[in-house]
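The data block below is final-v2.pdb; it holds PDB, C-alpha atoms.
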```pdb
ATOM      1  CA  MET A 130     113.286  82.289  90.593
ATOM      2  CA  LEU A 131     114.573  82.652  87.042
ATOM      3  CA  MET A 132     111.856  83.036  84.455
ATOM      4  CA  PRO A 133     112.162  81.918  80.839
ATOM      5  CA  LYS A 134     112.458  84.771  78.317
ATOM      6  CA  LYS A 135     108.874  84.275  77.131
ATOM      7  CA  ALA A 136     107.109  83.477  80.367
ATOM      8  CA  SER A 137     103.415  82.765  80.147
ATOM      9  CA  LEU A 138     100.994  84.724  82.304
ATOM     10  CA  HIS A 139     100.229  81.466  84.131
ATOM     11  CA  LYS A 140     103.915  80.860  84.885
ATOM     12  CA  VAL A 141     104.344  84.404  86.197
ATOM     13  CA  HIS A 142     101.311  83.845  88.408
ATOM     14  CA  CYS A 143     102.771  80.595  89.749
ATOM     15  CA  ALA A 144     106.223  82.116  90.258
ATOM     16  CA  ASN A 145     104.557  84.813  92.330
ATOM     17  CA  ASN A 146     103.114  82.109  94.621
ATOM     18  CA  GLY A 147      99.611  82.860  93.401
ATOM     19  CA  ALA A 148      99.753  86.426  94.726
ATOM     20  CA  TRP A 149      97.299  87.546  92.061
ATOM     21  CA  LYS A 150      94.375  85.590  90.743
ATOM     22  CA  ASN A 151      94.420  84.755  87.046
ATOM     23  CA  ASN A 152      90.623  84.657  86.656
ATOM     24  CA  LEU A 153      90.756  86.790  83.525
ATOM     25  CA  ASN A 154      90.076  85.515  80.059
ATOM     26  CA  TRP A 155      93.201  87.012  78.500
ATOM     27  CA  SER A 156      91.993  86.187  74.978
ATOM     28  CA  HIS A 157      89.376  88.962  75.387
ATOM     29  CA  ILE A 158      91.901  91.559  76.559
ATOM     30  CA  ASP A 159      93.857  93.615  74.066
ATOM     31  CA  THR A 160      95.088  96.458  76.289
ATOM     32  CA  VAL A 161      96.365  96.334  79.868
ATOM     33  CA  LEU A 162      96.229  99.603  81.847
ATOM     34  CA  LEU A 163      98.516  99.852  84.868
ATOM     35  CA  ASP A 164      99.158 102.432  87.559
ATOM     36  CA  MET A 165     102.717 103.045  88.707
ATOM     37  CA  ASP A 166     102.979 103.860  92.416
ATOM     38  CA  GLY A 167     101.961 100.962  94.607
ATOM     39  CA  THR A 168     101.276  98.751  91.589
ATOM     40  CA  LEU A 169     104.564  98.560  89.697
ATOM     41  CA  LEU A 170     106.708 100.362  92.260
ATOM     42  CA  ASP A 171     106.647  99.939  96.001
ATOM     43  CA  LEU A 172     105.636 102.985  98.026
ATOM     44  CA  HIS A 173     108.763 103.169 100.210
ATOM     45  CA  TYR A 174     110.331 105.933  98.099
ATOM     46  CA  ASP A 175     107.215 108.130  98.062
ATOM     47  CA  ASN A 176     106.452 107.586 101.740
ATOM     48  CA  HIS A 177     110.026 108.303 102.775
ATOM     49  CA  PHE A 178     110.192 111.333 100.502
ATOM     50  CA  TRP A 179     107.048 113.061 101.776
ATOM     51  CA  LEU A 180     107.147 111.926 105.415
ATOM     52  CA  GLU A 181     110.894 112.115 106.140
ATOM     53  CA  HIS A 182     112.959 113.839 103.435
ATOM     54  CA  VAL A 183     110.748 116.853 102.704
ATOM     55  CA  PRO A 184     110.256 117.555 106.429
ATOM     56  CA  LEU A 185     114.029 117.343 106.968
ATOM     57  CA  ARG A 186     114.764 119.825 104.169
ATOM     58  CA  TYR A 187     111.835 122.045 105.196
ATOM     59  CA  ALA A 188     113.146 122.125 108.781
ATOM     60  CA  GLU A 189     116.630 123.050 107.564
ATOM     61  CA  LYS A 190     115.338 125.850 105.335
ATOM     62  CA  HIS A 191     113.011 127.342 107.946
ATOM     63  CA  ALA A 192     115.133 126.720 111.062
ATOM     64  CA  LEU A 193     112.536 124.418 112.607
ATOM     65  CA  SER A 194     112.842 121.231 114.570
ATOM     66  CA  LEU A 195     112.095 118.123 112.549
ATOM     67  CA  GLU A 196     108.930 117.499 114.579
ATOM     68  CA  ALA A 197     107.702 121.080 114.041
ATOM     69  CA  ALA A 198     108.318 120.710 110.303
ATOM     70  CA  LYS A 199     106.452 117.399 110.208
ATOM     71  CA  ASP A 200     103.501 118.956 112.038
ATOM     72  CA  ALA A 201     103.402 121.960 109.704
ATOM     73  CA  LEU A 202     103.636 119.803 106.600
ATOM     74  CA  ARG A 203     101.050 117.297 107.817
ATOM     75  CA  ASP A 204      98.475 120.094 107.981
ATOM     76  CA  ARG A 205      99.416 121.357 104.513
ATOM     77  CA  TYR A 206      99.281 117.858 103.044
ATOM     78  CA  LYS A 207      95.792 117.293 104.474
ATOM     79  CA  GLN A 208      94.505 120.489 102.834
ATOM     80  CA  ILE A 209      95.549 119.321  99.359
ATOM     81  CA  GLU A 210      94.991 115.572  99.663
ATOM     82  CA  GLY A 211      92.590 114.274  97.026
ATOM     83  CA  THR A 212      93.289 117.058  94.518
ATOM     84  CA  LEU A 213      95.512 117.082  91.434
ATOM     85  CA  ASP A 214      97.783 119.585  93.202
ATOM     86  CA  TRP A 215      98.673 116.727  95.577
ATOM     87  CA  TYR A 216     100.709 115.185  92.721
ATOM     88  CA  CYS A 217     102.092 118.449  91.343
ATOM     89  CA  VAL A 218     105.825 118.959  91.819
ATOM     90  CA  ASP A 219     105.502 122.599  90.719
ATOM     91  CA  TYR A 220     102.729 123.255  93.254
ATOM     92  CA  TRP A 221     104.788 121.902  96.148
ATOM     93  CA  THR A 222     107.928 123.691  94.957
ATOM     94  CA  ARG A 223     106.020 126.973  94.995
ATOM     95  CA  GLU A 224     104.150 126.330  98.259
ATOM     96  CA  LEU A 225     107.093 125.029 100.283
ATOM     97  CA  ASP A 226     109.824 127.122  98.664
ATOM     98  CA  LEU A 227     111.809 123.923  98.076
ATOM     99  CA  ASP A 228     113.035 122.448  94.801
ATOM    100  CA  ILE A 229     110.927 119.295  95.011
ATOM    101  CA  ALA A 230     112.321 117.734  91.820
ATOM    102  CA  LEU A 231     115.876 118.177  93.106
ATOM    103  CA  LEU A 232     114.922 116.724  96.488
ATOM    104  CA  LYS A 233     113.347 113.726  94.750
ATOM    105  CA  GLU A 234     116.652 113.109  92.972
ATOM    106  CA  GLU A 235     118.480 113.130  96.335
ATOM    107  CA  VAL A 236     116.669 109.972  97.440
ATOM    108  CA  ASN A 237     115.953 108.308  94.093
ATOM    109  CA  HIS A 238     118.016 105.287  95.162
ATOM    110  CA  LEU A 239     114.941 104.289  97.215
ATOM    111  CA  ILE A 240     112.798 103.733  94.104
ATOM    112  CA  ASN A 241     112.128 100.006  93.765
ATOM    113  CA  VAL A 242     110.162  97.909  91.318
ATOM    114  CA  HIS A 243     107.934  95.297  92.940
ATOM    115  CA  PRO A 244     109.127  91.702  92.490
ATOM    116  CA  HIS A 245     107.899  89.979  89.306
ATOM    117  CA  VAL A 246     106.777  93.242  87.648
ATOM    118  CA  VAL A 247     109.224  92.932  84.752
ATOM    119  CA  ASP A 248     108.305  89.245  84.342
ATOM    120  CA  PHE A 249     104.624  90.205  84.240
ATOM    121  CA  LEU A 250     105.195  93.011  81.724
ATOM    122  CA  ASP A 251     107.258  90.682  79.536
ATOM    123  CA  ALA A 252     104.580  87.975  79.730
ATOM    124  CA  VAL A 253     101.840  90.444  78.787
ATOM    125  CA  ARG A 254     103.961  91.672  75.878
ATOM    126  CA  ALA A 255     104.650  88.070  74.775
ATOM    127  CA  GLN A 256     100.884  87.564  74.551
ATOM    128  CA  GLY A 257     100.690  90.488  72.115
ATOM    129  CA  LYS A 258      98.815  92.783  74.498
ATOM    130  CA  ARG A 259      99.138  96.567  74.457
ATOM    131  CA  LEU A 260     100.597  97.985  77.695
ATOM    132  CA  VAL A 261      99.605 101.460  78.863
ATOM    133  CA  LEU A 262     100.747 103.233  82.017
ATOM    134  CA  VAL A 263      98.068 105.530  83.452
ATOM    135  CA  THR A 264      99.198 107.745  86.309
ATOM    136  CA  ASN A 265      98.510 110.946  88.230
ATOM    137  CA  ALA A 266     102.256 111.379  88.720
ATOM    138  CA  HIS A 267     103.702 114.719  87.644
ATOM    139  CA  GLY A 268     105.946 114.518  84.585
ATOM    140  CA  LYS A 269     109.043 115.395  86.642
ATOM    141  CA  SER A 270     108.340 112.571  89.095
ATOM    142  CA  LEU A 271     107.590 110.173  86.274
ATOM    143  CA  ASN A 272     110.886 110.986  84.538
ATOM    144  CA  ILE A 273     112.860 110.399  87.743
ATOM    145  CA  LYS A 274     111.186 107.027  88.264
ATOM    146  CA  PHE A 275     111.631 106.005  84.627
ATOM    147  CA  ARG A 276     115.320 106.919  84.688
ATOM    148  CA  ARG A 277     115.808 104.861  87.818
ATOM    149  CA  THR A 278     113.717 101.809  86.846
ATOM    150  CA  ARG A 279     113.903 101.769  83.034
ATOM    151  CA  LEU A 280     110.270 100.599  82.996
ATOM    152  CA  ASN A 281     109.284 103.135  80.326
ATOM    153  CA  GLY A 282     110.518 100.826  77.563
ATOM    154  CA  HIS A 283     107.786  98.321  78.449
ATOM    155  CA  PHE A 284     104.864 100.597  77.572
ATOM    156  CA  ASP A 285     103.185 101.377  74.287
ATOM    157  CA  ALA A 286     101.809 104.593  75.761
ATOM    158  CA  VAL A 287     101.864 106.620  78.962
ATOM    159  CA  GLY A 288      98.810 108.593  80.047
ATOM    160  CA  VAL A 289      99.606 111.317  82.553
ATOM    161  CA  ARG A 290      97.473 113.797  84.420
ATOM    162  CA  PRO A 291      96.537 117.020  82.649
TER     163      PRO A 291
END
```

Written as structure tokens, how would this file's structure read?
Amino acid sequence: MLMPKKASLHKVHCANNGAWKNNLNWSHIDTVLLDMDGTLLDLHYDNHFWLEHVPLRYAEKHALSLEAAKDALRDRYKQIEGTLDWYCVDYWTRELDLDIALLKEEVNHLINVHPHVVDFLDAVRAQGKRLVLVTNAHGKSLNIKFRRTRLNGHFDAVGVRP
């Protein structure tokens, strides 16, 4: 569906078949904080990267079968899950002896913005709200996703992990 240049938040909601509830009093909101992965972008890229692409490259580097690589990586992922290292490109580069940023570039064509995200961001901006991206993503990952999606131009500020 084509949206007018200055879509209202209500129109974006309706165009999205009511997928999100507009129970907010937008007149009391001056800043909108958004996460990136799973909120603005679908998770296909990240899931494919960590569950298929990294194991493939890890298997090639270490002369393992793909299944053996997946098993080895699954255990390593579980050890770090829930920590800031989980998101750290440099950590995984060091731990796996793979250039994670380069590998992310190899499959960056899989990065996709969820439908209606740009319409929503434009509608929020048209209402004069401040838009801030808050993410645990590593700066290298963030840059790859911004280059691919061009979403960075929609935000007044980006808050990244320490």

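For the structure in this document, the set picked by the PyMOL selection byres ((chain A and resi 236) around 10) is A:Tyr174, A:Asp175, A:His177, A:Phe178, A:His182, A:Leu231, A:Leu232, A:Lys233, A:Glu234, A:Glu235, A:Asn237, A:His238, A:Leu239, A:Ile240.
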
Return as a VMD selection string the set of residues that the PyMOL selection byres ((chain A and resi 241) around 9) yields on the displayed structure. chain A and resid 169 to 174 238 to 240 242 to 244 274 277 to 278

Next, write the just-selected residues to a file, as a short mmCIF file (atom, residue, chain, number, x, y, z; two decimals), in the frame of the given file, keeping C-alpha atoms as the atom set.
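As written to disk, part-v9.cif reads:
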```cif
data_model
loop_
_atom_site.label_atom_id
_atom_site.label_comp_id
_atom_site.auth_asym_id
_atom_site.auth_seq_id
_atom_site.Cartn_x
_atom_site.Cartn_y
_atom_site.Cartn_z
CA LEU A 169 104.56 98.56 89.70
CA LEU A 170 106.71 100.36 92.26
CA ASP A 171 106.65 99.94 96.00
CA LEU A 172 105.64 102.98 98.03
CA HIS A 173 108.76 103.17 100.21
CA TYR A 174 110.33 105.93 98.10
CA HIS A 238 118.02 105.29 95.16
CA LEU A 239 114.94 104.29 97.22
CA ILE A 240 112.80 103.73 94.10
CA VAL A 242 110.16 97.91 91.32
CA HIS A 243 107.93 95.30 92.94
CA PRO A 244 109.13 91.70 92.49
CA LYS A 274 111.19 107.03 88.26
CA ARG A 277 115.81 104.86 87.82
CA THR A 278 113.72 101.81 86.85
#
```

So how many Å separate atom CA of A:Leu271 and atom CA of A:Val253, to one decimal?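 Taking atom CA of A:Leu271 as the start and atom CA of A:Val253 as the end point, the length is 21.9 Å.
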
Written as an NGL selection string, which residues does the PyMOL selection byres ((chain A and resi 215-229) around 8) give for the file shown? :A and (186-187 or 206 or 209-214 or 230-233 or 265-267 or 269-270)

Leaving out A:Leu260 and any residue of its chain fewer than 6 positions from it, which residues lie within 10 Å of it when counting only C-alpha atoms, given as a ChimeraX atom specification? /A:159-163,250,253-254,283-287

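Counting from atom CA of A:Leu180, the distance to atom CA of A:Val289 is 24.1 Å.
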
Correct to one decimal, the distance atom CA of A:Phe275-atom CA of A:Asp166 is 11.8 Å

Min atom-atom distance to A:His157 from the set A:Asn281, A:Lys258, A:Gly288, A:Asp248, counting all atoms listed in the file, belongs to A:Lys258

Enclose the full set of atoms of stretch 188-206 of chain A listed in the file within a box whose edges lie along x, y and z, apply 5 Å of padding to each of the six sides, and report centre and edge lengths in Å to one decimal as JSON.
```
{"center_x": 107.6, "center_y": 122.3, "center_z": 108.8, "size_x": 28.2, "size_y": 20.0, "size_z": 21.5}
```

Residues near stretch 198-200 of chain A, anyone? I mean within 9 Å using only C-alpha atoms, not counting same-chain ones fewer than 4 positions away, as a ChimeraX atom specification. /A:180-181,183-188,191,193-194,204-205
